[in-house]
Every structure is written in structure tokens, then in C-alpha cells.
file final.txt (compact mmCIF, C-alpha atoms and all ligand atoms)
# COMPACT_ATOMS: atom_id res chain seq x y z
CA MET V 14 -37.38 -8.33 -43.21
CA ASN V 15 -35.64 -9.83 -40.23
CA ILE V 16 -37.98 -12.11 -38.32
CA PRO V 17 -36.60 -13.77 -35.18
CA MET V 18 -37.90 -17.04 -33.68
CA VAL V 19 -38.85 -14.99 -30.60
CA ASP V 20 -39.17 -11.19 -30.38
CA LEU V 21 -38.10 -10.41 -26.81
CA GLN V 22 -37.46 -6.74 -27.63
CA GLY V 23 -40.96 -6.14 -28.95
CA GLN V 24 -42.59 -7.77 -25.95
CA TYR V 25 -40.39 -5.82 -23.53
CA ARG V 26 -41.31 -2.51 -25.19
CA LYS V 27 -45.00 -3.18 -24.45
CA LEU V 28 -44.38 -3.98 -20.77
CA LYS V 29 -41.42 -1.64 -20.22
CA THR V 30 -42.95 0.75 -17.70
CA GLU V 31 -44.21 -2.01 -15.40
CA ILE V 32 -41.08 -4.12 -15.71
CA ASP V 33 -38.69 -1.23 -15.16
CA THR V 34 -40.65 -0.18 -12.06
CA GLU V 35 -40.49 -3.65 -10.53
CA ILE V 36 -36.78 -4.07 -11.29
CA GLN V 37 -36.12 -0.66 -9.74
CA LYS V 38 -37.90 -1.78 -6.54
CA VAL V 39 -35.50 -4.70 -6.22
CA LEU V 40 -32.55 -2.36 -6.78
CA ASP V 41 -33.89 0.14 -4.24
CA ASN V 42 -34.13 -2.43 -1.47
CA SER V 43 -31.12 -4.51 -2.63
CA SER V 44 -32.96 -7.74 -1.86
CA TYR V 45 -31.30 -9.66 -4.66
CA ILE V 46 -31.49 -13.15 -3.16
CA ASN V 47 -34.83 -14.47 -1.88
CA GLY V 48 -36.29 -10.96 -1.76
CA PRO V 49 -40.05 -10.30 -1.46
CA ALA V 50 -40.50 -10.53 -5.26
CA VAL V 51 -39.59 -14.24 -5.19
CA ALA V 52 -42.21 -15.16 -2.58
CA GLU V 53 -44.82 -12.90 -4.23
CA PHE V 54 -44.27 -14.43 -7.67
CA ALA V 55 -44.42 -17.97 -6.21
CA LYS V 56 -47.78 -17.13 -4.57
CA ASP V 57 -49.14 -15.65 -7.82
CA LEU V 58 -48.06 -18.72 -9.76
CA GLU V 59 -49.61 -21.09 -7.18
CA LYS V 60 -52.90 -19.27 -7.67
CA TYR V 61 -52.64 -19.28 -11.47
CA LEU V 62 -51.80 -23.00 -11.67
CA GLY V 63 -54.10 -24.06 -8.84
CA VAL V 64 -51.33 -25.86 -6.95
CA LYS V 65 -50.46 -25.77 -3.25
CA HIS V 66 -46.74 -25.25 -3.63
CA VAL V 67 -44.53 -23.46 -6.16
CA ILE V 68 -40.83 -23.73 -5.37
CA PRO V 69 -38.78 -21.32 -7.49
CA CYS V 70 -35.31 -22.43 -8.58
CA ALA V 71 -32.51 -21.45 -10.93
CA ASN V 72 -33.61 -23.10 -14.19
CA GLY V 73 -35.77 -25.85 -15.64
CA THR V 74 -32.99 -28.42 -15.61
CA ASP V 75 -32.51 -27.93 -11.86
CA ALA V 76 -36.28 -28.18 -11.39
CA LEU V 77 -36.20 -31.67 -12.92
CA GLN V 78 -33.13 -32.64 -10.91
CA VAL V 79 -34.61 -31.46 -7.62
CA ALA V 80 -37.87 -33.29 -8.36
CA MET V 81 -35.93 -36.52 -8.89
CA MET V 82 -33.74 -35.94 -5.83
CA ALA V 83 -36.90 -35.76 -3.70
CA LEU V 84 -38.06 -39.22 -4.67
CA ASP V 85 -35.41 -41.15 -2.70
CA LEU V 86 -34.36 -43.21 -5.70
CA LYS V 87 -31.39 -45.57 -5.81
CA PRO V 88 -28.78 -45.85 -8.58
CA GLY V 89 -30.12 -48.10 -11.31
CA ASP V 90 -33.76 -47.16 -10.71
CA GLU V 91 -35.44 -46.52 -14.03
CA ILE V 92 -37.26 -43.42 -15.20
CA ILE V 93 -39.27 -43.57 -18.40
CA THR V 94 -39.32 -40.57 -20.70
CA THR V 95 -39.61 -39.62 -24.36
CA THR V 96 -36.72 -39.86 -26.78
CA PHE V 97 -38.01 -36.80 -28.66
CA THR V 98 -37.29 -33.89 -26.33
CA PHE V 99 -34.64 -31.44 -25.18
CA ILE V 100 -31.68 -33.20 -23.54
CA ALA V 101 -32.32 -31.78 -20.03
CA THR V 102 -35.10 -34.30 -19.41
CA ALA V 103 -32.76 -37.30 -19.66
CA GLU V 104 -29.59 -35.50 -18.58
CA VAL V 105 -30.67 -35.17 -14.96
CA ILE V 106 -31.75 -38.82 -14.84
CA ALA V 107 -28.28 -39.85 -15.97
CA LEU V 108 -26.54 -37.34 -13.66
CA LEU V 109 -28.28 -38.81 -10.63
CA GLY V 110 -27.08 -42.33 -11.52
CA LEU V 111 -30.59 -43.37 -12.51
CA THR V 112 -31.36 -45.12 -15.78
CA PRO V 113 -33.23 -43.21 -18.48
CA VAL V 114 -35.61 -45.56 -20.29
CA LEU V 115 -36.60 -43.94 -23.56
CA VAL V 116 -39.80 -44.51 -25.50
CA ASP V 117 -41.28 -43.37 -28.79
CA VAL V 118 -43.84 -40.67 -29.49
CA PHE V 119 -46.99 -40.19 -31.54
CA GLU V 120 -46.35 -39.00 -35.07
CA ASP V 121 -49.09 -36.36 -35.03
CA THR V 122 -48.64 -34.64 -31.63
CA MET V 123 -44.99 -35.70 -31.15
CA ASN V 124 -45.86 -36.38 -27.49
CA ILE V 125 -44.97 -39.53 -25.55
CA ASN V 126 -47.02 -42.63 -26.38
CA PRO V 127 -48.62 -44.16 -23.23
CA GLU V 128 -48.71 -47.63 -24.79
CA ALA V 129 -44.94 -47.41 -25.25
CA ILE V 130 -44.61 -46.39 -21.58
CA ARG V 131 -46.63 -49.43 -20.56
CA ASN V 132 -44.38 -51.73 -22.58
CA ALA V 133 -41.22 -50.23 -21.03
CA ILE V 134 -42.17 -50.84 -17.38
CA THR V 135 -39.93 -53.21 -15.40
CA PRO V 136 -39.64 -53.96 -11.65
CA LYS V 137 -37.01 -51.16 -11.50
CA THR V 138 -39.30 -48.48 -12.94
CA LYS V 139 -39.91 -45.72 -10.40
CA ALA V 140 -41.17 -42.71 -12.35
CA ILE V 141 -42.50 -41.42 -15.65
CA VAL V 142 -41.53 -38.02 -17.04
CA PRO V 143 -43.95 -36.92 -19.74
CA VAL V 144 -42.85 -33.80 -21.60
CA HIS V 145 -45.67 -31.55 -22.79
CA LEU V 146 -43.87 -30.94 -26.04
CA PHE V 147 -44.11 -27.68 -27.99
CA GLY V 148 -47.04 -26.41 -25.88
CA GLN V 149 -49.68 -29.14 -25.63
CA CYS V 150 -50.19 -31.78 -22.96
CA ALA V 151 -49.33 -35.44 -23.29
CA ASP V 152 -52.18 -37.92 -22.64
CA MET V 153 -52.34 -37.49 -18.86
CA ASP V 154 -55.50 -39.62 -18.37
CA GLU V 155 -53.56 -42.64 -19.62
CA ILE V 156 -50.24 -41.70 -18.02
CA MET V 157 -51.78 -41.18 -14.57
CA ALA V 158 -53.70 -44.45 -14.93
CA ILE V 159 -50.48 -46.34 -15.73
CA ALA V 160 -48.72 -44.63 -12.83
CA ASN V 161 -51.51 -45.57 -10.39
CA GLU V 162 -51.56 -49.15 -11.61
CA HIS V 163 -47.79 -49.57 -11.13
CA ASN V 164 -47.31 -47.21 -8.18
CA LEU V 165 -45.01 -44.83 -10.08
CA PHE V 166 -44.30 -41.14 -9.65
CA VAL V 167 -45.17 -38.75 -12.46
CA ILE V 168 -42.98 -35.69 -12.96
CA GLU V 169 -44.36 -33.43 -15.68
CA ASP V 170 -41.72 -31.62 -17.72
CA ASN V 171 -43.78 -28.52 -18.34
CA ALA V 172 -40.98 -26.29 -19.63
CA GLN V 173 -42.86 -25.79 -22.91
CA ALA V 174 -46.55 -25.79 -21.96
CA ILE V 175 -47.02 -23.42 -19.04
CA GLY V 176 -50.55 -22.03 -19.25
CA ALA V 177 -52.01 -24.98 -21.20
CA THR V 178 -55.12 -26.60 -19.72
CA TYR V 179 -55.76 -30.35 -19.70
CA THR V 180 -59.32 -31.71 -19.76
CA PHE V 181 -59.73 -35.19 -18.25
CA LYS V 182 -62.21 -37.72 -19.64
CA ASN V 183 -64.48 -36.95 -16.66
CA GLY V 184 -64.52 -33.26 -17.60
CA LYS V 185 -62.20 -32.10 -14.82
CA LYS V 186 -59.69 -29.48 -15.93
CA LEU V 187 -56.19 -28.91 -14.58
CA LYS V 188 -53.31 -26.74 -15.67
CA ALA V 189 -50.35 -28.48 -17.28
CA GLY V 190 -47.78 -29.12 -14.56
CA ALA V 191 -50.45 -29.46 -11.86
CA ILE V 192 -51.48 -33.00 -12.80
CA GLY V 193 -48.62 -35.34 -11.80
CA HIS V 194 -46.98 -35.65 -8.37
CA ILE V 195 -44.53 -32.93 -9.38
CA GLY V 196 -44.43 -30.41 -12.24
CA CYS V 197 -41.33 -28.62 -13.48
CA THR V 198 -40.92 -25.56 -15.64
CA SER V 199 -38.31 -23.27 -17.13
CA PHE V 200 -38.37 -19.48 -17.35
CA PHE V 201 -35.61 -19.37 -19.99
CA PRO V 202 -36.12 -16.05 -21.84
CA SER V 203 -37.66 -17.63 -24.95
CA LYS V 204 -40.18 -19.70 -22.98
CA ASN V 205 -43.85 -18.64 -22.98
CA LEU V 206 -43.30 -17.21 -19.49
CA GLY V 207 -39.72 -16.09 -19.94
CA ALA V 208 -37.47 -14.19 -17.55
CA TYR V 209 -34.54 -11.98 -18.60
CA GLY V 210 -32.05 -14.61 -17.56
CA ASP V 211 -32.35 -18.16 -16.26
CA GLY V 212 -35.14 -19.31 -13.97
CA GLY V 213 -37.30 -22.29 -13.17
CA ALA V 214 -39.87 -23.66 -10.75
CA ILE V 215 -41.21 -26.88 -9.29
CA PHE V 216 -44.89 -27.41 -8.48
CA THR V 217 -46.62 -29.92 -6.23
CA ASN V 218 -49.73 -30.44 -4.13
CA ASP V 219 -47.85 -32.82 -1.82
CA ASP V 220 -46.80 -31.08 1.43
CA LYS V 221 -44.08 -33.59 2.25
CA LEU V 222 -42.46 -33.47 -1.19
CA ALA V 223 -42.71 -29.66 -1.11
CA GLU V 224 -40.93 -29.46 2.23
CA GLN V 225 -38.16 -31.72 0.99
CA MET V 226 -37.74 -29.90 -2.35
CA ARG V 227 -37.66 -26.49 -0.61
CA ALA V 228 -34.78 -27.85 1.44
CA VAL V 229 -33.03 -29.48 -1.54
CA VAL V 230 -32.88 -26.19 -3.53
CA ASN V 231 -31.26 -24.61 -0.47
CA HIS V 232 -28.34 -26.98 0.27
CA GLY V 233 -30.68 -29.45 1.94
CA MET V 234 -31.41 -27.16 4.91
CA LYS V 235 -34.68 -26.55 6.68
CA VAL V 236 -32.93 -24.76 9.53
CA ARG V 237 -29.90 -22.63 8.67
CA TYR V 238 -26.66 -24.62 8.72
CA TYR V 239 -28.44 -27.88 9.60
CA HIS V 240 -28.42 -30.09 6.50
CA ASP V 241 -31.07 -32.82 6.52
CA TYR V 242 -30.62 -33.76 2.86
CA VAL V 243 -27.89 -33.62 0.26
CA GLY V 244 -28.97 -30.53 -1.63
CA ILE V 245 -27.92 -28.07 -4.29
CA ASN V 246 -27.91 -24.28 -4.55
CA SER V 247 -30.66 -23.38 -6.98
CA ARG V 248 -32.39 -20.01 -6.60
CA LEU V 249 -34.58 -17.82 -8.75
CA ASP V 250 -33.07 -14.37 -8.25
CA SER V 251 -35.24 -11.47 -7.17
CA ILE V 252 -34.84 -9.46 -10.38
CA GLN V 253 -36.06 -12.40 -12.47
CA ALA V 254 -38.97 -12.96 -10.05
CA ALA V 255 -39.95 -9.28 -10.31
CA ILE V 256 -40.03 -9.55 -14.13
CA LEU V 257 -42.01 -12.79 -14.05
CA LYS V 258 -44.52 -11.28 -11.63
CA VAL V 259 -45.26 -8.58 -14.20
CA LYS V 260 -45.48 -11.07 -17.07
CA LEU V 261 -47.65 -13.76 -15.42
CA PRO V 262 -50.96 -11.83 -15.70
CA HIS V 263 -50.27 -11.55 -19.45
CA LEU V 264 -49.57 -15.26 -19.96
CA ASP V 265 -53.04 -16.12 -21.29
CA ASP V 266 -52.87 -13.21 -23.74
CA PHE V 267 -49.43 -14.39 -24.83
CA ALA V 268 -51.00 -17.81 -25.59
CA LYS V 269 -53.78 -16.10 -27.59
CA ALA V 270 -51.24 -14.21 -29.69
CA ARG V 271 -49.30 -17.43 -30.32
CA ASN V 272 -52.52 -19.21 -31.29
CA TYR V 273 -53.35 -16.40 -33.72
CA ALA V 274 -50.04 -16.95 -35.49
CA ALA V 275 -50.47 -20.75 -35.42
CA ASN V 276 -53.95 -20.48 -36.95
CA TYR V 277 -52.61 -18.18 -39.66
CA TYR V 278 -49.90 -20.71 -40.50
CA ASN V 279 -52.39 -23.63 -40.39
CA SER V 280 -54.74 -22.04 -42.88
CA ALA V 281 -51.96 -20.87 -45.20
CA PHE V 282 -50.56 -24.40 -45.39
CA SER V 283 -53.89 -26.27 -45.34
CA ASN V 284 -53.88 -27.16 -49.03
CA CYS V 285 -50.23 -28.08 -49.30
CA ASP V 286 -49.59 -31.83 -49.21
CA LYS V 287 -45.85 -31.26 -48.66
CA ILE V 288 -46.54 -29.86 -45.20
CA THR V 289 -48.25 -31.45 -42.18
CA THR V 290 -49.35 -28.77 -39.74
CA PRO V 291 -49.48 -29.40 -35.97
CA ILE V 292 -52.43 -31.38 -34.60
CA THR V 293 -53.84 -30.52 -31.17
CA SER V 294 -55.18 -33.44 -29.09
CA ASN V 295 -58.80 -33.05 -27.99
CA PHE V 296 -57.88 -33.29 -24.27
CA THR V 297 -55.60 -30.24 -24.23
CA ASP V 298 -55.32 -26.75 -25.53
CA HIS V 299 -52.10 -25.61 -27.15
CA VAL V 300 -49.97 -22.64 -26.11
CA PHE V 301 -47.61 -23.02 -29.10
CA HIS V 302 -44.24 -22.71 -27.47
CA GLN V 303 -43.10 -23.90 -30.89
CA TYR V 304 -44.92 -24.06 -34.21
CA THR V 305 -43.48 -27.21 -35.75
CA LEU V 306 -44.25 -28.51 -39.22
CA VAL V 307 -43.52 -31.96 -40.56
CA LEU V 308 -42.22 -31.77 -44.13
CA ASN V 309 -43.13 -34.52 -46.59
CA ASN V 310 -40.44 -35.08 -49.19
CA VAL V 311 -39.07 -31.55 -48.96
CA ASP V 312 -35.35 -30.68 -49.00
CA ARG V 313 -35.25 -29.34 -45.44
CA ASP V 314 -31.74 -27.92 -45.66
CA GLY V 315 -32.73 -26.12 -48.86
CA LEU V 316 -35.88 -24.70 -47.25
CA GLN V 317 -33.92 -23.58 -44.20
CA LYS V 318 -31.43 -21.75 -46.42
CA HIS V 319 -34.23 -20.21 -48.50
CA LEU V 320 -35.88 -18.86 -45.34
CA SER V 321 -32.64 -17.69 -43.76
CA ASP V 322 -31.70 -15.84 -46.97
CA LYS V 323 -34.95 -13.91 -46.65
CA GLY V 324 -34.26 -13.05 -42.99
CA ILE V 325 -36.74 -15.57 -41.59
CA SER V 326 -35.39 -17.46 -38.59
CA ASN V 327 -36.19 -21.16 -38.40
CA ALA V 328 -34.96 -24.11 -36.38
CA VAL V 329 -35.04 -27.87 -36.11
CA TYR V 330 -36.38 -29.04 -32.74
CA TYR V 331 -34.92 -31.67 -32.47
CA PRO V 332 -32.43 -32.92 -35.08
CA VAL V 333 -31.30 -35.99 -33.07
CA PRO V 334 -33.51 -38.03 -30.73
CA LEU V 335 -31.98 -38.74 -27.33
CA HIS V 336 -31.22 -42.42 -28.05
CA GLN V 337 -28.99 -41.33 -30.96
CA GLN V 338 -27.09 -38.65 -29.01
CA LYS V 339 -23.42 -39.49 -28.63
CA ALA V 340 -23.38 -39.11 -24.85
CA TYR V 341 -26.43 -41.34 -24.46
CA LEU V 342 -25.61 -44.18 -26.85
CA ASP V 343 -26.56 -47.37 -25.09
CA VAL V 344 -26.58 -51.05 -25.96
CA ARG V 345 -30.33 -51.11 -25.35
CA TYR V 346 -30.95 -48.89 -28.37
CA THR V 347 -29.86 -48.79 -32.00
CA ASP V 348 -30.76 -46.73 -35.04
CA GLY V 349 -34.33 -47.72 -35.80
CA SER V 350 -35.28 -48.36 -32.14
CA PHE V 351 -37.74 -45.47 -32.18
CA PRO V 352 -38.77 -45.04 -35.81
CA ILE V 353 -41.32 -42.29 -35.28
CA ALA V 354 -38.93 -40.03 -33.36
CA GLU V 355 -36.23 -40.69 -35.96
CA LYS V 356 -38.59 -39.83 -38.80
CA LEU V 357 -39.69 -36.65 -37.05
CA ALA V 358 -36.09 -35.62 -36.35
CA ALA V 359 -35.39 -35.86 -40.08
CA ASN V 360 -38.47 -33.92 -41.18
CA VAL V 361 -39.55 -31.32 -38.61
CA LEU V 362 -39.07 -27.60 -39.02
CA SER V 363 -40.12 -24.89 -36.55
CA LEU V 364 -41.13 -21.43 -37.76
CA PRO V 365 -41.03 -18.17 -35.78
CA ILE V 366 -43.75 -18.03 -33.14
CA HIS V 367 -44.08 -15.35 -30.50
CA THR V 368 -46.38 -12.70 -29.17
CA GLU V 369 -45.44 -9.93 -31.58
CA LEU V 370 -45.92 -11.48 -35.05
CA ASN V 371 -48.16 -9.42 -37.34
CA ASP V 372 -50.07 -10.34 -40.51
CA GLU V 373 -47.46 -8.77 -42.77
CA GLN V 374 -44.71 -10.93 -41.24
CA LEU V 375 -46.91 -14.04 -41.23
CA LYS V 376 -47.73 -13.54 -44.91
CA PHE V 377 -44.07 -13.03 -45.73
CA ILE V 378 -43.14 -16.26 -43.91
CA THR V 379 -45.93 -18.42 -45.35
CA ASP V 380 -45.34 -17.09 -48.88
CA ALA V 381 -41.64 -17.88 -48.56
CA VAL V 382 -42.31 -21.45 -47.33
CA LEU V 383 -44.88 -22.15 -50.05
CA GLU V 384 -42.68 -20.63 -52.76
CA PHE V 385 -39.96 -23.16 -51.89
CA VAL V 386 -42.05 -26.29 -51.35
CA ARG V 387 -44.14 -25.73 -54.52
CA ASN V 388 -41.09 -25.38 -56.78
C1 LIG E 401 -38.59 -29.80 -22.45
C2 LIG E 401 -37.56 -29.03 -21.68
N1 LIG E 401 -37.14 -29.51 -20.50
C3 LIG E 401 -36.23 -28.86 -19.76
C4 LIG E 401 -35.68 -27.67 -20.19
C5 LIG E 401 -34.61 -27.04 -19.36
O1 LIG E 401 -34.85 -25.75 -18.96
P1 LIG E 401 -33.64 -24.75 -18.66
O2 LIG E 401 -33.04 -24.35 -19.96
O3 LIG E 401 -34.30 -23.61 -17.94
O4 LIG E 401 -32.68 -25.46 -17.78
C6 LIG E 401 -36.12 -27.11 -21.39
C7 LIG E 401 -35.62 -25.80 -21.84
O5 LIG E 401 -34.88 -25.54 -22.64
C8 LIG E 401 -37.06 -27.83 -22.17
O6 LIG E 401 -37.47 -27.35 -23.36
call {"tool": "encode", "arguments": {"input": "final.txt", "output": "C-alpha cells"}}
result
Amino acid sequence: MNIPMVDLQGQYRKLKTEIDTEIQKVLDNSSYINGPAVAEFAKDLEKYLGVKHVIPCANGTDALQVAMMALDLKPGDEIITTTFTFIATAEVIALLGLTPVLVDVFEDTMNINPEAIRNAITPKTKAIVPVHLFGQCADMDEIMAIANEHNLFVIEDNAQAIGATYTFKNGKKLKAGAIGHIGCTSFFPSKNLGAYGDGGAIFTNDDKLAEQMRAVVNHGMKVRYYHDYVGINSRLDSIQAAILKVKLPHLDDFAKARNYAANYYNSAFSNCDKITTPITSNFTDHVFHQYTLVLNNVDRDGLQKHLSDKGISNAVYYPVPLHQQKAYLDVRYTDGSFPIAEKLAANVLSLPIHTELNDEQLKFITDAVLEFVRN
């Protein structure tokens, strides 16, 4: 068997007729940049997420950068985020001359710990960037409460949880990415809503921020050749938008297929004390962008080799927390500063999860994992 982390071929085969038709339409009218497909997809996504504004852009990293550029921050202003995430979250903070303030996560959900956010606030703190890691939401009741108390912006990094729903303590439900002042996502091909190249989007309900961010993605112009802001060039191209427009109506079914695989894994590993399976918080559902185990006293390198030898892809998300990354070493942090993230980095392992996994493959994978950890 050869089981990839993500089966983009298999998913394409199922949607081929629709996708090919929509790509052909873009080719027929040659509207490659800002063609009708881009506006149509943005409208569809606004409706799906229940937000007023979706601003498409070139990738998820740009989405985060544009969100931060819209907040009129000064060099040295601090933005609090998790140390256990993909680098993009902190990279844009650093690029803009702002100061990333890192905090630890919960051991079970691996999401940012609101108490740690509270403890990291200083007079320079301007924003919080929770990352909805691996497909489930961070504790947004607490995070929004902290933000309101201290007058901070919240930018949700929703690159991994598009389609997840958050349930507030008062019963109100909102889609991940539609809760903070701004939400950001990525349409990188392996994401739950993946394009066939790079893509991203920014969401907000705030008209003023939307107007500014629409200008920022387009060289800071509202009127052609009149530049009101320092901007960047960050566009979702029409072919990617056409593909995403076809895929969006299937997003909830994609999440169901991912949950099927996750449930299969959870029950196969339920009696194995060497493996901790993912926990879902009661305030969120989980769209399983990644299925990530925590290994307890298992030789991870050995398990990775055992799986790879059998043709089973696997990956470590993430092997090094941000505070231990060479480019981000900082006198404020040392080894041991964030013990939970460090422990997770040493013990996590992600297994294949996508929309095309079948029982035969799932059995093959779980048998292979158990064979190794039980020996
Ligand atoms: C949590 C997180 N934030 C940001 C990004 C950046 O997205 P992109 O690769 O589209 O720039 C990613 C994607 O890899 C991500 O996983």
C-alpha cells in the first residue's frame, strides 16, 4: 500500500467534471486576475461563514500579514500567540517589526491556553492571535473576554479549522474565523478547503477594517493609482477561485469523511496506553485537518520508519516550538520556557487524514501502529 497524508488525486477524480468545467470557463473568458469567479467565491464563502466580508488573497500567510497591517500598529507593539503552531503565525508579526509574545498550550487539545495569554499581557499588547490548531477551535469565550477586558484585537488563524463551529457558553454558534475582529485562512492544497495552488482569505464583520484590508491587498489603493495605504500585491487568482467555488459546497462532507477516519483511529487505539488520541473540547466540533497522536514512551523515529517502510505517510506537526526555532531565539525564552509545547513537540505524530481513506487503509494503518507500539 501507499497511503499519502492527503489524497488530492482521489478527491479530484470525484469532482473532476465540475472542476474542469469551471476552470474551462475561466480559460474561455481569460479573466485570470480578479475575474467573476473570485467575487462569486467570496460571496459564497461569506454566506457559508456568516460574515459580512470575505477578502480573498494569495495565501494564508498574507492573510495574517494584511490583518495585522490593518490594525495601525507601531514597531514594538506586542502580539500574543501560541508557540505550538506553523511558523507563519509569528513570522508576519516579526516581519512587520512587531513583537511576537509566545505562550504555552493545553496538553490535551494543543490549543493556546487563555490563562497563559492573560499572564502575558503588558501595556504594549495590542492583539491576540489564537490558532485553531489541527481543526478545532481554541477557547474563544475566554479569549474574547480577555480581549474585551484589555481592549485588544483578536485575529483568528483559521488556516486549519475552516468549517468548524464554535458554541459559546450562552448557546450562540459561530463558524471558526467569524468570531474575532478578523479571521484568516489558507487554501493551500492540503487544507480542508484546498485550492490547486496557493490561496487565502481574510474575514471580518467590520466595514472599516474590510475597506482598509481590501485596499491593502491591492497596493493600498481604493481608487486606481491613488495609494491611501502602504499595501502589498496579494490576489487569489481566478482559476483557484473557480476550483474553490466547486469545493465549498462539499466542505461539510469533507469534514464528515475526516471525522469518520478520526473515529476509526480513536476506537482502534482506545485500549493502548502508549497512545493518547486527540481530545475535542466541548465548545467546538473538530474538522480534523490533522489527526495527531501523542505517544507515551514510544520510539517515535522507529515508529515513523516502521510506517514509512509499509508505505504509510506520517509527519510530525510540529517538531520544534516557535520559541526554539533558530530565527526566533530570544532572550525572553529558553529551553523549558513552555514545557507543554516542548513535550508535545517531542511526542506528537500525525497519521494520514483526508476525504478518501477507506476501512481497508485505516485497518492497515492502525494495525501497523499497534504492531510497533506493542512490541
Ligand atoms: C496555522 C497556519 N497558519 C498559517 C498558515 C499559512 O498559510 P499559507 O501556507 O497559505 O501561507 C498555515 C498553512 O500552512 C497554517 O497551518
call {"tool": "closest_residue", "arguments": {"input": "final.txt", "among": "V:Ile378, V:Val300, V:Ile100, V:Ile134", "to": "Tyr278 (chain V)", "atoms": "all atoms listed in the file"}}
result
V:Ile378
call {"tool": "residues_around", "arguments": {"input": "final.txt", "residues": "Leu383 (chain V)", "least_positions_apart": "6", "cutoff": "10 Å", "atoms": "all atoms listed in the file", "output": "list in words"}}
result
Ala281, Phe282, Cys285, Lys287, Ile288 and Leu316 of chain V
call {"tool": "write_last_selection", "arguments": {"input": "final.txt", "atoms": "C-alpha atoms", "output": "PDB file, in the coordinates of the input"}}
result
ATOM      1  CA  ALA V 281     -51.960 -20.870 -45.200  1.00  0.00           C
ATOM      2  CA  PHE V 282     -50.560 -24.400 -45.390  1.00  0.00           C
ATOM      3  CA  CYS V 285     -50.230 -28.080 -49.300  1.00  0.00           C
ATOM      4  CA  LYS V 287     -45.850 -31.260 -48.660  1.00  0.00           C
ATOM      5  CA  ILE V 288     -46.540 -29.860 -45.200  1.00  0.00           C
ATOM      6  CA  LEU V 316     -35.880 -24.700 -47.250  1.00  0.00           C
TER       7      LEU V 316
END
call {"tool": "closest_residue", "arguments": {"input": "final.txt", "among": "V:Ala174, V:Leu261, V:Leu206, V:Ile159", "to": "Tyr61 (chain V)", "atoms": "all atoms listed in the file"}}
result
V:Leu261
call {"tool": "residues_near_ligand", "arguments": {"input": "final.txt", "ligand": "ligand LIG 401 (chain E)", "cutoff": "9 Å", "atoms": "all atoms listed in the file", "output": "number ranges by chain"}}
result
V: 71-77, 98-103, 144-147, 170-174, 197-204, 211-213
call {"tool": "closest_residue", "arguments": {"input": "final.txt", "among": "V:Ala255, V:Met81, V:Ile175, V:Val67", "to": "Ala223 (chain V)", "atoms": "all atoms listed in the file"}}
result
V:Val67
call {"tool": "closest_residue", "arguments": {"input": "final.txt", "among": "V:Glu355, V:Asp152, V:Glu59, V:Asp286", "to": "Arg387 (chain V)", "atoms": "only C-alpha atoms"}}
result
V:Asp286
call {"tool": "atom_distance", "arguments": {"input": "final.txt", "atom1": "CA of Ile46 (chain V)", "atom2": "CA of Lys235 (chain V)"}}
result
16.9 Å
call {"tool": "residues_near_point", "arguments": {"input": "final.txt", "point": "(-31.1, -28.2, -0.1)", "cutoff": "9 Å", "atoms": "only C-alpha atoms", "output": "PyMOL selection string"}}
result
chain V and resi 79+225-235+240-247
call {"tool": "write_last_selection", "arguments": {"input": "final.txt", "atoms": "C-alpha atoms", "output": "CSV table (one decimal), in the coordinates of the input"}}
result
chain,number,residue,atom,x,y,z
V,79,VAL,CA,-34.6,-31.5,-7.6
V,225,GLN,CA,-38.2,-31.7,1.0
V,226,MET,CA,-37.7,-29.9,-2.4
V,227,ARG,CA,-37.7,-26.5,-0.6
V,228,ALA,CA,-34.8,-27.8,1.4
V,229,VAL,CA,-33.0,-29.5,-1.5
V,230,VAL,CA,-32.9,-26.2,-3.5
V,231,ASN,CA,-31.3,-24.6,-0.5
V,232,HIS,CA,-28.3,-27.0,0.3
V,233,GLY,CA,-30.7,-29.4,1.9
V,234,MET,CA,-31.4,-27.2,4.9
V,235,LYS,CA,-34.7,-26.6,6.7
V,240,HIS,CA,-28.4,-30.1,6.5
V,241,ASP,CA,-31.1,-32.8,6.5
V,242,TYR,CA,-30.6,-33.8,2.9
V,243,VAL,CA,-27.9,-33.6,0.3
V,244,GLY,CA,-29.0,-30.5,-1.6
V,245,ILE,CA,-27.9,-28.1,-4.3
V,246,ASN,CA,-27.9,-24.3,-4.6
V,247,SER,CA,-30.7,-23.4,-7.0
call {"tool": "residues_near_point", "arguments": {"input": "final.txt", "point": "(-27.8, -46.4, -9.3)", "cutoff": "10 Å", "atoms": "all atoms listed in the file", "output": "tab-separated table (two decimals) with C-alpha atoms, in the coordinates of the input"}}
result
chain	number	residue	atom	x	y	z
V	86	LEU	CA	-34.36	-43.21	-5.70
V	87	LYS	CA	-31.39	-45.57	-5.81
V	88	PRO	CA	-28.78	-45.85	-8.58
V	89	GLY	CA	-30.12	-48.10	-11.31
V	90	ASP	CA	-33.76	-47.16	-10.71
V	91	GLU	CA	-35.44	-46.52	-14.03
V	107	ALA	CA	-28.28	-39.85	-15.97
V	109	LEU	CA	-28.28	-38.81	-10.63
V	110	GLY	CA	-27.08	-42.33	-11.52
V	111	LEU	CA	-30.59	-43.37	-12.51
V	112	THR	CA	-31.36	-45.12	-15.78
call {"tool": "closest_residue", "arguments": {"input": "final.txt", "among": "V:His319, V:His66, V:Arg131, V:Lys182", "to": "Thr217 (chain V)", "atoms": "only C-alpha atoms"}}
result
V:His66
call {"tool": "closest_residue", "arguments": {"input": "final.txt", "among": "V:Thr297, V:Asn126, V:Ser350, V:Ser363", "to": "Tyr331 (chain V)", "atoms": "only C-alpha atoms"}}
result
V:Ser363
call {"tool": "atom_distance", "arguments": {"input": "final.txt", "atom1": "CA of Pro17 (chain V)", "atom2": "CA of Tyr277 (chain V)"}}
result
17.2 Å
call {"tool": "atom_distance", "arguments": {"input": "final.txt", "atom1": "CA of Gln337 (chain V)", "atom2": "CA of Gln149 (chain V)"}}
result
24.6 Å
call {"tool": "residues_around", "arguments": {"input": "final.txt", "residues": "Ala140 (chain V)", "least_positions_apart": "5", "cutoff": "10 Å", "atoms": "all atoms listed in the file", "output": "PyMOL selection string"}}
result
chain V and resi 81+84+86+90-94+134+160+163-168+194
